[in-house]
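Text of structure-v7.tsv (TSV, C-alpha atoms) as supplied:
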```tsv
chain	number	residue	atom	x	y	z
D	1	MET	CA	84.20	111.41	-33.34
D	2	ALA	CA	83.20	108.14	-31.67
D	3	ASP	CA	85.80	106.23	-29.72
D	4	PRO	CA	86.92	103.28	-31.91
D	5	SER	CA	86.99	100.96	-28.89
D	6	PHE	CA	83.38	101.91	-28.07
D	7	VAL	CA	82.30	101.21	-31.65
D	8	THR	CA	84.06	97.86	-31.56
D	9	TYR	CA	82.47	97.02	-28.20
D	10	GLY	CA	78.99	97.97	-29.47
D	11	GLY	CA	79.47	95.91	-32.60
D	12	LEU	CA	80.52	92.93	-30.51
D	13	ILE	CA	77.37	93.21	-28.37
D	14	ALA	CA	75.17	93.47	-31.46
D	15	SER	CA	76.82	90.43	-33.01
D	16	THR	CA	76.47	88.46	-29.77
D	17	LEU	CA	72.78	89.34	-29.48
D	18	SER	CA	72.20	88.37	-33.11
D	19	ALA	CA	73.95	85.05	-32.55
D	20	ILE	CA	71.85	84.36	-29.44
D	21	ALA	CA	68.64	85.24	-31.29
D	22	ALA	CA	69.61	82.96	-34.17
D	23	TYR	CA	70.43	80.12	-31.74
D	24	LEU	CA	67.10	80.51	-29.94
D	25	ALA	CA	65.22	80.56	-33.25
D	26	ILE	CA	66.98	77.38	-34.41
D	27	ARG	CA	66.37	75.72	-31.04
D	28	GLN	CA	62.68	76.62	-31.16
D	29	THR	CA	62.44	75.21	-34.68
D	30	VAL	CA	64.08	71.96	-33.55
D	31	VAL	CA	61.70	71.68	-30.57
D	32	GLN	CA	58.67	72.30	-32.77
D	33	ARG	CA	59.94	69.77	-35.28
D	34	LYS	CA	60.35	67.14	-32.55
D	35	GLU	CA	56.86	67.90	-31.24
D	36	SER	CA	55.36	67.50	-34.69
D	37	ILE	CA	57.02	64.20	-35.62
D	38	ARG	CA	56.34	62.38	-32.35
D	39	PRO	CA	52.92	60.84	-31.64
D	40	GLN	CA	50.30	63.26	-30.29
D	41	LEU	CA	47.34	61.47	-28.71
D	42	LEU	CA	44.09	63.35	-28.26
D	43	ILE	CA	40.68	62.20	-26.99
D	44	ASN	CA	37.37	63.48	-28.29
D	45	ASP	CA	34.44	64.56	-26.16
D	46	VAL	CA	31.50	62.15	-25.85
D	47	ASP	CA	27.97	63.39	-26.62
D	48	LEU	CA	25.27	61.65	-24.59
D	49	HIS	CA	21.84	61.96	-26.20
D	50	MET	CA	18.59	60.26	-25.21
D	51	VAL	CA	19.57	59.70	-21.56
D	52	SER	CA	16.47	58.66	-19.58
D	53	MET	CA	16.43	58.75	-15.78
D	54	ASN	CA	13.83	57.71	-13.22
D	55	GLU	CA	12.57	60.85	-11.52
D	56	HIS	CA	12.89	59.66	-7.91
D	57	HIS	CA	14.89	56.40	-8.00
D	58	PHE	CA	18.33	55.18	-9.01
D	59	SER	CA	18.38	54.37	-12.72
D	60	ALA	CA	20.31	51.18	-13.45
D	61	MET	CA	20.06	51.58	-17.23
D	62	PRO	CA	20.11	55.29	-18.16
D	63	LEU	CA	22.06	54.47	-21.35
D	64	ALA	CA	19.64	51.81	-22.62
D	65	ARG	CA	18.57	53.94	-25.59
D	66	ILE	CA	22.13	54.77	-26.64
D	67	SER	CA	24.27	52.58	-28.89
D	68	ILE	CA	27.37	51.16	-27.19
D	69	ASP	CA	29.51	52.69	-29.96
D	70	ASP	CA	28.18	56.15	-29.09
D	71	ILE	CA	29.66	56.02	-25.60
D	72	LYS	CA	33.11	55.00	-26.81
D	73	PRO	CA	35.50	57.97	-26.89
D	74	GLU	CA	37.63	58.46	-29.99
D	75	LEU	CA	41.43	58.59	-29.86
D	76	ILE	CA	43.29	60.60	-32.49
D	77	ASN	CA	47.00	60.52	-33.18
D	78	SER	CA	47.50	64.02	-34.58
D	79	GLY	CA	51.30	63.69	-34.74
D	80	LEU	CA	53.39	62.32	-37.57
D	81	GLY	CA	54.78	59.30	-35.72
D	82	THR	CA	53.07	56.03	-34.79
D	83	ALA	CA	52.11	55.66	-31.12
D	84	LEU	CA	53.10	52.23	-29.76
D	85	ASN	CA	51.99	50.31	-26.65
D	86	VAL	CA	49.15	52.71	-25.92
D	87	LYS	CA	47.70	52.19	-22.43
D	88	LEU	CA	44.68	53.90	-20.92
D	89	ALA	CA	43.96	54.04	-17.17
D	90	TRP	CA	40.57	55.42	-16.07
D	91	GLU	CA	39.96	56.57	-12.51
D	92	TYR	CA	36.64	57.38	-10.86
D	93	PRO	CA	35.52	57.16	-7.18
D	94	SER	CA	32.61	54.79	-7.88
D	95	GLU	CA	32.07	53.55	-4.34
D	96	GLU	CA	32.33	57.02	-2.85
D	97	LYS	CA	29.70	58.31	-5.30
D	98	LEU	CA	27.36	55.36	-4.64
D	99	SER	CA	27.73	55.80	-0.88
D	100	SER	CA	26.66	59.43	-1.19
D	101	MET	CA	23.73	58.56	-3.47
D	102	SER	CA	22.50	55.83	-1.11
D	103	LYS	CA	21.38	58.66	1.19
D	104	VAL	CA	18.99	59.82	-1.51
D	105	PHE	CA	17.99	56.63	-3.34
D	106	ASP	CA	16.99	53.14	-2.20
D	107	LEU	CA	20.29	51.76	-3.38
D	108	LYS	CA	22.55	48.82	-2.57
D	109	TYR	CA	25.92	47.97	-4.09
D	110	GLU	CA	28.68	45.42	-3.66
D	111	VAL	CA	32.17	45.08	-5.10
D	112	ARG	CA	32.94	41.50	-6.14
D	113	LYS	CA	36.41	40.16	-6.81
D	114	THR	CA	37.40	36.99	-8.63
D	115	THR	CA	40.72	35.72	-9.90
D	116	ASN	CA	39.99	37.20	-13.32
D	117	ASN	CA	38.19	40.49	-12.68
D	118	ARG	CA	36.33	42.84	-10.37
D	119	SER	CA	32.68	43.72	-10.74
D	120	LEU	CA	30.26	46.14	-9.15
D	121	LYS	CA	26.81	44.79	-8.35
D	122	ILE	CA	24.26	47.60	-8.10
D	123	SER	CA	20.63	47.18	-7.03
D	124	GLY	CA	18.39	50.18	-7.51
D	125	GLY	CA	15.09	51.14	-9.06
D	126	GLY	CA	13.94	47.51	-8.92
D	127	ILE	CA	16.83	46.33	-11.13
D	128	THR	CA	20.08	44.56	-10.24
D	129	ILE	CA	23.01	44.66	-12.65
D	130	ASP	CA	26.63	43.48	-12.44
D	131	TYR	CA	29.06	45.87	-14.08
D	132	ILE	CA	32.63	44.82	-14.87
D	133	LEU	CA	35.09	47.14	-13.09
D	134	GLU	CA	37.78	47.02	-15.76
D	135	ASN	CA	39.44	50.40	-16.10
D	136	TYR	CA	42.67	49.51	-17.95
D	137	TYR	CA	42.67	49.19	-21.73
D	138	SER	CA	45.33	49.08	-24.41
D	139	HIS	CA	45.98	49.45	-28.12
D	140	ASN	CA	49.03	47.93	-29.77
D	141	TYR	CA	49.53	51.00	-31.92
D	142	LEU	CA	47.79	54.10	-33.29
D	143	LEU	CA	48.76	55.35	-36.72
D	144	PRO	CA	48.85	59.10	-37.44
D	145	ILE	CA	45.49	60.50	-38.53
D	146	ASN	CA	46.93	61.53	-41.90
D	147	ILE	CA	47.49	57.80	-42.58
D	148	GLU	CA	44.62	56.14	-40.72
D	149	LYS	CA	42.10	58.83	-41.87
D	150	LYS	CA	39.70	58.10	-39.00
D	151	PRO	CA	39.80	58.10	-35.19
D	152	THR	CA	40.14	54.91	-33.15
D	153	LYS	CA	37.34	53.94	-30.79
D	154	THR	CA	38.40	53.13	-27.24
D	155	ILE	CA	36.48	52.08	-24.13
D	156	LEU	CA	35.17	54.17	-21.26
D	157	PRO	CA	33.76	51.92	-18.50
D	158	PRO	CA	29.95	52.29	-18.87
D	159	VAL	CA	29.42	51.96	-15.11
D	160	PHE	CA	31.25	55.28	-14.63
D	161	LEU	CA	28.70	57.00	-16.88
D	162	VAL	CA	25.80	55.27	-15.10
D	163	ILE	CA	27.01	56.54	-11.73
D	164	LEU	CA	27.79	60.02	-13.06
D	165	LEU	CA	24.30	60.45	-14.53
D	166	ASN	CA	22.65	59.22	-11.35
D	167	GLU	CA	24.76	61.67	-9.36
D	168	LEU	CA	23.36	64.42	-11.56
D	169	ASN	CA	19.85	63.26	-10.73
D	170	SER	CA	20.59	62.92	-7.00
D	171	LEU	CA	21.98	66.46	-6.86
D	172	ARG	CA	18.76	67.68	-8.48
D	173	ILE	CA	16.74	66.01	-5.72
D	174	MET	CA	18.97	67.24	-2.87
D	175	ASN	CA	19.43	70.82	-4.05
D	176	GLY	CA	16.12	71.44	-5.76
D	177	GLU	CA	17.81	72.35	-9.02
D	178	ILE	CA	19.84	70.47	-11.56
D	179	PRO	CA	23.57	71.31	-11.84
D	180	SER	CA	24.94	72.24	-15.24
D	181	ILE	CA	28.34	70.59	-14.65
D	182	VAL	CA	29.35	67.39	-12.84
D	183	VAL	CA	32.90	66.08	-12.47
D	184	GLY	CA	33.56	62.93	-14.51
D	185	PRO	CA	36.30	60.29	-14.63
D	186	SER	CA	39.97	61.05	-15.19
D	187	LEU	CA	42.20	59.38	-17.76
D	188	LYS	CA	45.93	58.81	-18.08
D	189	ILE	CA	47.31	57.77	-21.47
D	190	THR	CA	50.85	56.39	-21.78
D	191	PHE	CA	52.55	55.45	-25.05
D	192	SER	CA	55.92	55.33	-26.77
D	193	ASP	CA	57.36	56.25	-30.14
D	194	ALA	CA	59.27	54.05	-32.58
D	195	LYS	CA	62.53	54.74	-30.71
D	196	GLY	CA	61.08	53.52	-27.44
D	197	LYS	CA	60.78	56.94	-25.80
D	198	GLU	CA	57.81	57.00	-23.45
D	199	PHE	CA	55.20	59.76	-23.13
D	200	SER	CA	52.13	60.33	-21.02
D	201	ILE	CA	49.27	62.77	-20.83
D	202	SER	CA	46.48	63.08	-18.27
D	203	TYR	CA	42.91	64.25	-18.81
D	204	SER	CA	40.16	65.26	-16.42
D	205	SER	CA	36.55	65.37	-17.54
D	206	GLN	CA	33.27	67.13	-16.81
D	207	TYR	CA	29.74	66.35	-17.86
D	208	HIS	CA	28.11	69.49	-19.26
D	209	LEU	CA	24.33	69.42	-19.29
D	210	ARG	CA	22.80	70.87	-22.46
D	211	GLU	CA	19.10	70.08	-22.16
D	212	TYR	CA	16.82	68.77	-19.45
D	213	GLY	CA	13.26	67.60	-19.94
D	214	ASP	CA	10.44	66.52	-17.60
D	215	GLN	CA	8.22	63.56	-18.35
D	216	PRO	CA	5.46	62.04	-16.18
D	217	TYR	CA	7.70	59.41	-14.55
D	218	ALA	CA	11.15	60.13	-15.95
D	219	ASN	CA	13.59	62.89	-16.75
D	220	THR	CA	15.60	63.18	-19.95
D	221	TYR	CA	19.09	64.58	-20.20
D	222	ARG	CA	21.25	65.64	-23.10
D	223	GLY	CA	24.85	66.69	-22.61
D	224	SER	CA	28.51	66.02	-23.29
D	225	LEU	CA	31.39	64.50	-21.37
D	226	MET	CA	34.17	66.98	-22.10
D	227	PHE	CA	37.88	66.25	-21.61
D	228	GLN	CA	40.53	68.74	-20.54
D	229	VAL	CA	44.30	68.28	-20.27
D	230	SER	CA	44.92	68.27	-16.53
D	231	LYS	CA	48.68	68.86	-16.39
D	232	ASN	CA	50.19	72.34	-16.56
D	233	SER	CA	53.38	71.31	-18.31
D	234	LYS	CA	54.44	72.83	-21.61
D	235	THR	CA	53.81	69.52	-23.38
D	236	ALA	CA	50.28	69.35	-22.00
D	237	GLN	CA	49.58	72.90	-23.11
D	238	ILE	CA	50.77	72.07	-26.63
D	239	GLN	CA	48.55	68.97	-26.62
D	240	GLN	CA	45.54	71.03	-25.57
D	241	ARG	CA	46.13	73.62	-28.33
D	242	ILE	CA	46.40	70.83	-30.91
D	243	ARG	CA	43.26	69.17	-29.55
D	244	LYS	CA	41.25	72.41	-29.74
D	245	SER	CA	42.48	73.07	-33.29
D	246	TYR	CA	41.51	69.55	-34.35
D	247	ALA	CA	38.07	69.87	-32.73
D	248	THR	CA	37.49	73.19	-34.49
D	249	PHE	CA	38.54	71.70	-37.81
D	250	MET	CA	36.23	68.70	-37.38
D	251	ASP	CA	33.29	70.92	-36.39
D	252	GLU	CA	33.79	73.09	-39.46
D	253	HIS	CA	34.32	70.04	-41.68
D	254	TYR	CA	31.13	68.31	-40.57
D	255	PHE	CA	29.16	71.56	-40.69
D	256	ASN	CA	30.23	72.19	-44.27
D	257	LYS	CA	29.61	68.55	-45.16
D	258	ASN	CA	26.11	68.57	-43.71
D	259	SER	CA	25.23	71.94	-45.25
D	260	ASN	CA	25.86	70.46	-48.68
D	261	LEU	CA	23.44	67.59	-48.18
```

Structure re-expressed in structure tokens:
Amino acid sequence: MADPSFVTYGGLIASTLSAIAAYLAIRQTVVQRKESIRPQLLINDVDLHMVSMNEHHFSAMPLARISIDDIKPELINSGLGTALNVKLAWEYPSEEKLSSMSKVFDLKYEVRKTTNNRSLKISGGGITIDYILENYYSHNYLLPINIEKKPTKTILPPVFLVILLNELNSLRIMNGEIPSIVVGPSLKITFSDAKGKEFSISYSSQYHLREYGDQPYANTYRGSLMFQVSKNSKTAQIQQRIRKSYATFMDEHYFNKNSNL
């Protein structure tokens, strides 16, 4: 016959373990609930079609055949709460990239500063263009996607894309083959919820080349600037899972929509 004290002790352990399991389950539910009701800001990849580059010179206008709206990334608030005071900070080593490319191309550049802004004057391929070096942008608020029903266009400094695409071309000249991936700009998004609690998430990006074509005096490129959550925190991992799920849903939605046309 079992010792009564042993039975009592075993029952106590079982009850304690059950209580702990129940507490952890409730705590996980609360955490998931908080994650779902707060704003969740995601950024879509940018597809770059019809990019035309000079074969041997710096191309000042590789995006000339692309609509300005097509190079604006889309922000999505996939949470249930409104994101307030949304601020975007882009970072990209423009001068470092241009300095490296000046060893390959006949290229000159100059950073100009005024009381109101900074600009980057680039002369290459027989063309001189002044690009505004504004890399901070803001949105007063972003409603949840279940209310707004469509993403919000934001701004990616076009000069970053111009330099990135020319770097791709310069690497082709230096190495004798075109790389399939080139590192792009990074982005930090900060925002707050209705209670004033602040959040932030950081993205890195890579340009993935899809197609490359030769023409008599120019090369054509087709690819995508793809964003990846750069932090390893639990919140960042949750954001990345949500972003991938949303992207999958949108791909399936548009595929089904187009297949019915």

Measuring atom to atom with only C-alpha atoms, identify which of D:Ile71, D:Leu168, D:Ile163, D:Ala89 is nearest to Asp45 of chain D.
D:Ile71

Cut-off 12 Å around (21.1, 61.0, -6.7) with only C-alpha atoms: residues as a ChimeraX atom specification
/D:53-60,97-107,124-125,162-176,178-179

Which residue of D:Leu187, D:Leu156, D:Met61, D:Leu143 approaches Ser204 of chain D most closely, using all atoms listed in the file
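Ranking D:Leu187, D:Leu156, D:Met61, D:Leu143 by distance to Ser204 of chain D, first place goes to D:Leu187.
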
Rank nothing, just name the residue among D:Phe191, D:Ser224, D:Val46, D:Gly196 nearest to Ser138 of chain D, using all atoms listed in the file.
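Looking only at the distances to Ser138 of chain D, the closest residue turns out to be D:Phe191.
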
Long-range neighbours of segment 75-77 of chain D as a PyMOL selection string, 12 Å cut-off, only C-alpha atoms, 4 positions minimum in chain
chain D and resi 36-46+81-84+86-88+138-139+141-156+189+191+193+227+239+242-243+246-247+250

Would you save the residues from that selection as a CSV table (one decimal), keeping the file's coordinate frame, using C-alpha atoms?
```csv
chain,number,residue,atom,x,y,z
D,36,SER,CA,55.4,67.5,-34.7
D,37,ILE,CA,57.0,64.2,-35.6
D,38,ARG,CA,56.3,62.4,-32.4
D,39,PRO,CA,52.9,60.8,-31.6
D,40,GLN,CA,50.3,63.3,-30.3
D,41,LEU,CA,47.3,61.5,-28.7
D,42,LEU,CA,44.1,63.4,-28.3
D,43,ILE,CA,40.7,62.2,-27.0
D,44,ASN,CA,37.4,63.5,-28.3
D,45,ASP,CA,34.4,64.6,-26.2
D,46,VAL,CA,31.5,62.2,-25.8
D,81,GLY,CA,54.8,59.3,-35.7
D,82,THR,CA,53.1,56.0,-34.8
D,83,ALA,CA,52.1,55.7,-31.1
D,84,LEU,CA,53.1,52.2,-29.8
D,86,VAL,CA,49.2,52.7,-25.9
D,87,LYS,CA,47.7,52.2,-22.4
D,88,LEU,CA,44.7,53.9,-20.9
D,138,SER,CA,45.3,49.1,-24.4
D,139,HIS,CA,46.0,49.4,-28.1
D,141,TYR,CA,49.5,51.0,-31.9
D,142,LEU,CA,47.8,54.1,-33.3
D,143,LEU,CA,48.8,55.4,-36.7
D,144,PRO,CA,48.8,59.1,-37.4
D,145,ILE,CA,45.5,60.5,-38.5
D,146,ASN,CA,46.9,61.5,-41.9
D,147,ILE,CA,47.5,57.8,-42.6
D,148,GLU,CA,44.6,56.1,-40.7
D,149,LYS,CA,42.1,58.8,-41.9
D,150,LYS,CA,39.7,58.1,-39.0
D,151,PRO,CA,39.8,58.1,-35.2
D,152,THR,CA,40.1,54.9,-33.2
D,153,LYS,CA,37.3,53.9,-30.8
D,154,THR,CA,38.4,53.1,-27.2
D,155,ILE,CA,36.5,52.1,-24.1
D,156,LEU,CA,35.2,54.2,-21.3
D,189,ILE,CA,47.3,57.8,-21.5
D,191,PHE,CA,52.6,55.4,-25.0
D,193,ASP,CA,57.4,56.2,-30.1
D,227,PHE,CA,37.9,66.2,-21.6
D,239,GLN,CA,48.6,69.0,-26.6
D,242,ILE,CA,46.4,70.8,-30.9
D,243,ARG,CA,43.3,69.2,-29.6
D,246,TYR,CA,41.5,69.6,-34.4
D,247,ALA,CA,38.1,69.9,-32.7
D,250,MET,CA,36.2,68.7,-37.4
```

Separation of atom CA of Phe160 of chain D and atom CA of Asn140 of chain D, in Å?
24.5 Å

If you measure from atom CA of Thr128 of chain D to atom CA of Glu110 of chain D, what distance in Å do you get, rounded to one decimal?
10.9 Å

Between atom CA of Asn117 of chain D and atom CA of Pro62 of chain D, what is the spacing in Å?
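So the answer is 24.0 Å.
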
Exercise: Ser205 of chain D partners within 10 Å, all atoms listed in the file, chain neighbours under 6 positions left out, as an mmCIF file with C-alpha atoms, keeping the file's coordinate frame:
```cif
data_model
loop_
_atom_site.group_PDB
_atom_site.id
_atom_site.type_symbol
_atom_site.label_atom_id
_atom_site.label_comp_id
_atom_site.auth_asym_id
_atom_site.auth_seq_id
_atom_site.Cartn_x
_atom_site.Cartn_y
_atom_site.Cartn_z
ATOM 1 C CA ASP D 45 34.440 64.560 -26.160
ATOM 2 C CA VAL D 182 29.350 67.390 -12.840
ATOM 3 C CA VAL D 183 32.900 66.080 -12.470
ATOM 4 C CA GLY D 184 33.560 62.930 -14.510
ATOM 5 C CA PRO D 185 36.300 60.290 -14.630
ATOM 6 C CA SER D 186 39.970 61.050 -15.190
ATOM 7 C CA LEU D 187 42.200 59.380 -17.760
ATOM 8 C CA SER D 224 28.510 66.020 -23.290
ATOM 9 C CA LEU D 225 31.390 64.500 -21.370
ATOM 10 C CA MET D 226 34.170 66.980 -22.100
ATOM 11 C CA PHE D 227 37.880 66.250 -21.610
ATOM 12 C CA GLN D 228 40.530 68.740 -20.540
ATOM 13 C CA VAL D 229 44.300 68.280 -20.270
ATOM 14 C CA SER D 230 44.920 68.270 -16.530
#
```

Would you pick out the contacts of Gly223 of chain D at 10 Å or less, using all atoms listed in the file, so that residues sharing its chain but fewer than 3 positions from it are not included, and give the list as a PyMOL selection string?
chain D and resi 46-51+180-181+207-212+226

9 Å contact set for Val111 of chain D, only C-alpha atoms, chain neighbours under 6 positions out, as an MDAnalysis selection string:
chainID D and resid 95 118:122 133

Counting all atoms listed in the file, the residue of D:Ser67, D:Asn85, D:Ser78, D:Ser52 that sits nearest Ser200 of chain D:
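Using all atoms listed in the file, the shortest distance to Ser200 of chain D belongs to D:Asn85.
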
Please rebuild segment 53-63 of chain D with all heavy atoms and return the result as a PDB file, keeping the file's coordinate frame.
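New file result_39.pdb:
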```
ATOM      1  N   MET D  53      16.223  59.022 -17.194  1.00  0.00           N
ATOM      2  CA  MET D  53      16.430  58.750 -15.780  1.00  0.00           C
ATOM      3  C   MET D  53      15.098  58.679 -15.045  1.00  0.00           C
ATOM      4  O   MET D  53      14.171  59.445 -15.334  1.00  0.00           O
ATOM      5  CB  MET D  53      17.269  59.873 -15.154  1.00  0.00           C
ATOM      6  CG  MET D  53      18.559  60.191 -15.874  1.00  0.00           C
ATOM      7  SD  MET D  53      19.816  58.946 -15.600  1.00  0.00           S
ATOM      8  CE  MET D  53      20.176  59.237 -13.880  1.00  0.00           C
ATOM      9  N   ASN D  54      14.999  57.758 -14.079  1.00  0.00           N
ATOM     10  CA  ASN D  54      13.830  57.710 -13.220  1.00  0.00           C
ATOM     11  C   ASN D  54      13.809  58.978 -12.364  1.00  0.00           C
ATOM     12  O   ASN D  54      14.845  59.423 -11.862  1.00  0.00           O
ATOM     13  CB  ASN D  54      13.885  56.473 -12.326  1.00  0.00           C
ATOM     14  CG  ASN D  54      12.583  56.232 -11.599  1.00  0.00           C
ATOM     15  OD1 ASN D  54      12.164  57.028 -10.775  1.00  0.00           O
ATOM     16  ND2 ASN D  54      11.946  55.121 -11.912  1.00  0.00           N
ATOM     17  N   GLU D  55      12.653  59.553 -12.186  1.00  0.00           N
ATOM     18  CA  GLU D  55      12.570  60.850 -11.520  1.00  0.00           C
ATOM     19  C   GLU D  55      12.972  60.808 -10.050  1.00  0.00           C
ATOM     20  O   GLU D  55      13.592  61.739  -9.541  1.00  0.00           O
ATOM     21  CB  GLU D  55      11.139  61.399 -11.636  1.00  0.00           C
ATOM     22  CG  GLU D  55      11.000  62.831 -11.118  1.00  0.00           C
ATOM     23  CD  GLU D  55       9.616  63.391 -11.339  1.00  0.00           C
ATOM     24  OE1 GLU D  55       8.723  62.643 -11.791  1.00  0.00           O
ATOM     25  OE2 GLU D  55       9.428  64.583 -11.065  1.00  0.00           O
ATOM     26  N   HIS D  56      12.654  59.708  -9.352  1.00  0.00           N
ATOM     27  CA  HIS D  56      12.890  59.660  -7.910  1.00  0.00           C
ATOM     28  C   HIS D  56      13.737  58.479  -7.461  1.00  0.00           C
ATOM     29  O   HIS D  56      14.002  58.344  -6.268  1.00  0.00           O
ATOM     30  CB  HIS D  56      11.548  59.619  -7.155  1.00  0.00           C
ATOM     31  CG  HIS D  56      10.666  60.787  -7.435  1.00  0.00           C
ATOM     32  ND1 HIS D  56      10.981  62.070  -7.044  1.00  0.00           N
ATOM     33  CD2 HIS D  56       9.477  60.877  -8.087  1.00  0.00           C
ATOM     34  CE1 HIS D  56      10.020  62.903  -7.421  1.00  0.00           C
ATOM     35  NE2 HIS D  56       9.100  62.200  -8.068  1.00  0.00           N
ATOM     36  N   HIS D  57      14.143  57.598  -8.374  1.00  0.00           N
ATOM     37  CA  HIS D  57      14.890  56.400  -8.000  1.00  0.00           C
ATOM     38  C   HIS D  57      16.190  56.304  -8.798  1.00  0.00           C
ATOM     39  O   HIS D  57      16.358  56.944  -9.826  1.00  0.00           O
ATOM     40  CB  HIS D  57      14.044  55.145  -8.249  1.00  0.00           C
ATOM     41  CG  HIS D  57      12.727  55.167  -7.532  1.00  0.00           C
ATOM     42  ND1 HIS D  57      12.609  54.946  -6.176  1.00  0.00           N
ATOM     43  CD2 HIS D  57      11.479  55.381  -7.998  1.00  0.00           C
ATOM     44  CE1 HIS D  57      11.344  55.034  -5.830  1.00  0.00           C
ATOM     45  NE2 HIS D  57      10.622  55.293  -6.916  1.00  0.00           N
ATOM     46  N   PHE D  58      17.086  55.457  -8.295  1.00  0.00           N
ATOM     47  CA  PHE D  58      18.330  55.180  -9.010  1.00  0.00           C
ATOM     48  C   PHE D  58      17.997  54.492 -10.331  1.00  0.00           C
ATOM     49  O   PHE D  58      17.191  53.562 -10.374  1.00  0.00           O
ATOM     50  CB  PHE D  58      19.228  54.281  -8.160  1.00  0.00           C
ATOM     51  CG  PHE D  58      20.570  53.990  -8.782  1.00  0.00           C
ATOM     52  CD1 PHE D  58      21.647  54.827  -8.559  1.00  0.00           C
ATOM     53  CD2 PHE D  58      20.746  52.878  -9.596  1.00  0.00           C
ATOM     54  CE1 PHE D  58      22.885  54.562  -9.125  1.00  0.00           C
ATOM     55  CE2 PHE D  58      21.980  52.603 -10.167  1.00  0.00           C
ATOM     56  CZ  PHE D  58      23.047  53.461  -9.934  1.00  0.00           C
ATOM     57  N   SER D  59      18.615  54.944 -11.389  1.00  0.00           N
ATOM     58  CA  SER D  59      18.380  54.370 -12.720  1.00  0.00           C
ATOM     59  C   SER D  59      19.541  53.448 -13.086  1.00  0.00           C
ATOM     60  O   SER D  59      20.662  53.912 -13.286  1.00  0.00           O
ATOM     61  CB  SER D  59      18.232  55.481 -13.770  1.00  0.00           C
ATOM     62  OG  SER D  59      17.138  56.311 -13.473  1.00  0.00           O
ATOM     63  N   ALA D  60      19.257  52.151 -13.154  1.00  0.00           N
ATOM     64  CA  ALA D  60      20.310  51.180 -13.450  1.00  0.00           C
ATOM     65  C   ALA D  60      20.690  51.165 -14.917  1.00  0.00           C
ATOM     66  O   ALA D  60      21.787  50.729 -15.269  1.00  0.00           O
ATOM     67  CB  ALA D  60      19.863  49.781 -13.017  1.00  0.00           C
ATOM     68  N   MET D  61      19.796  51.650 -15.794  1.00  0.00           N
ATOM     69  CA  MET D  61      20.060  51.580 -17.230  1.00  0.00           C
ATOM     70  C   MET D  61      19.750  52.920 -17.925  1.00  0.00           C
ATOM     71  O   MET D  61      18.934  52.980 -18.841  1.00  0.00           O
ATOM     72  CB  MET D  61      19.229  50.456 -17.851  1.00  0.00           C
ATOM     73  CG  MET D  61      19.540  49.082 -17.272  1.00  0.00           C
ATOM     74  SD  MET D  61      18.373  47.805 -17.819  1.00  0.00           S
ATOM     75  CE  MET D  61      18.573  47.871 -19.599  1.00  0.00           C
ATOM     76  N   PRO D  62      20.388  53.990 -17.534  1.00  0.00           N
ATOM     77  CA  PRO D  62      20.110  55.290 -18.160  1.00  0.00           C
ATOM     78  C   PRO D  62      20.599  55.382 -19.610  1.00  0.00           C
ATOM     79  O   PRO D  62      20.175  56.262 -20.351  1.00  0.00           O
ATOM     80  CB  PRO D  62      20.871  56.279 -17.276  1.00  0.00           C
ATOM     81  CG  PRO D  62      21.987  55.479 -16.693  1.00  0.00           C
ATOM     82  CD  PRO D  62      21.423  54.114 -16.484  1.00  0.00           C
ATOM     83  N   LEU D  63      21.491  54.449 -20.000  1.00  0.00           N
ATOM     84  CA  LEU D  63      22.060  54.470 -21.350  1.00  0.00           C
ATOM     85  C   LEU D  63      21.414  53.447 -22.276  1.00  0.00           C
ATOM     86  O   LEU D  63      21.937  53.170 -23.359  1.00  0.00           O
ATOM     87  CB  LEU D  63      23.575  54.219 -21.284  1.00  0.00           C
ATOM     88  CG  LEU D  63      24.375  55.158 -20.384  1.00  0.00           C
ATOM     89  CD1 LEU D  63      25.799  54.667 -20.231  1.00  0.00           C
ATOM     90  CD2 LEU D  63      24.363  56.572 -20.962  1.00  0.00           C
TER      91      LEU D  63
END
```
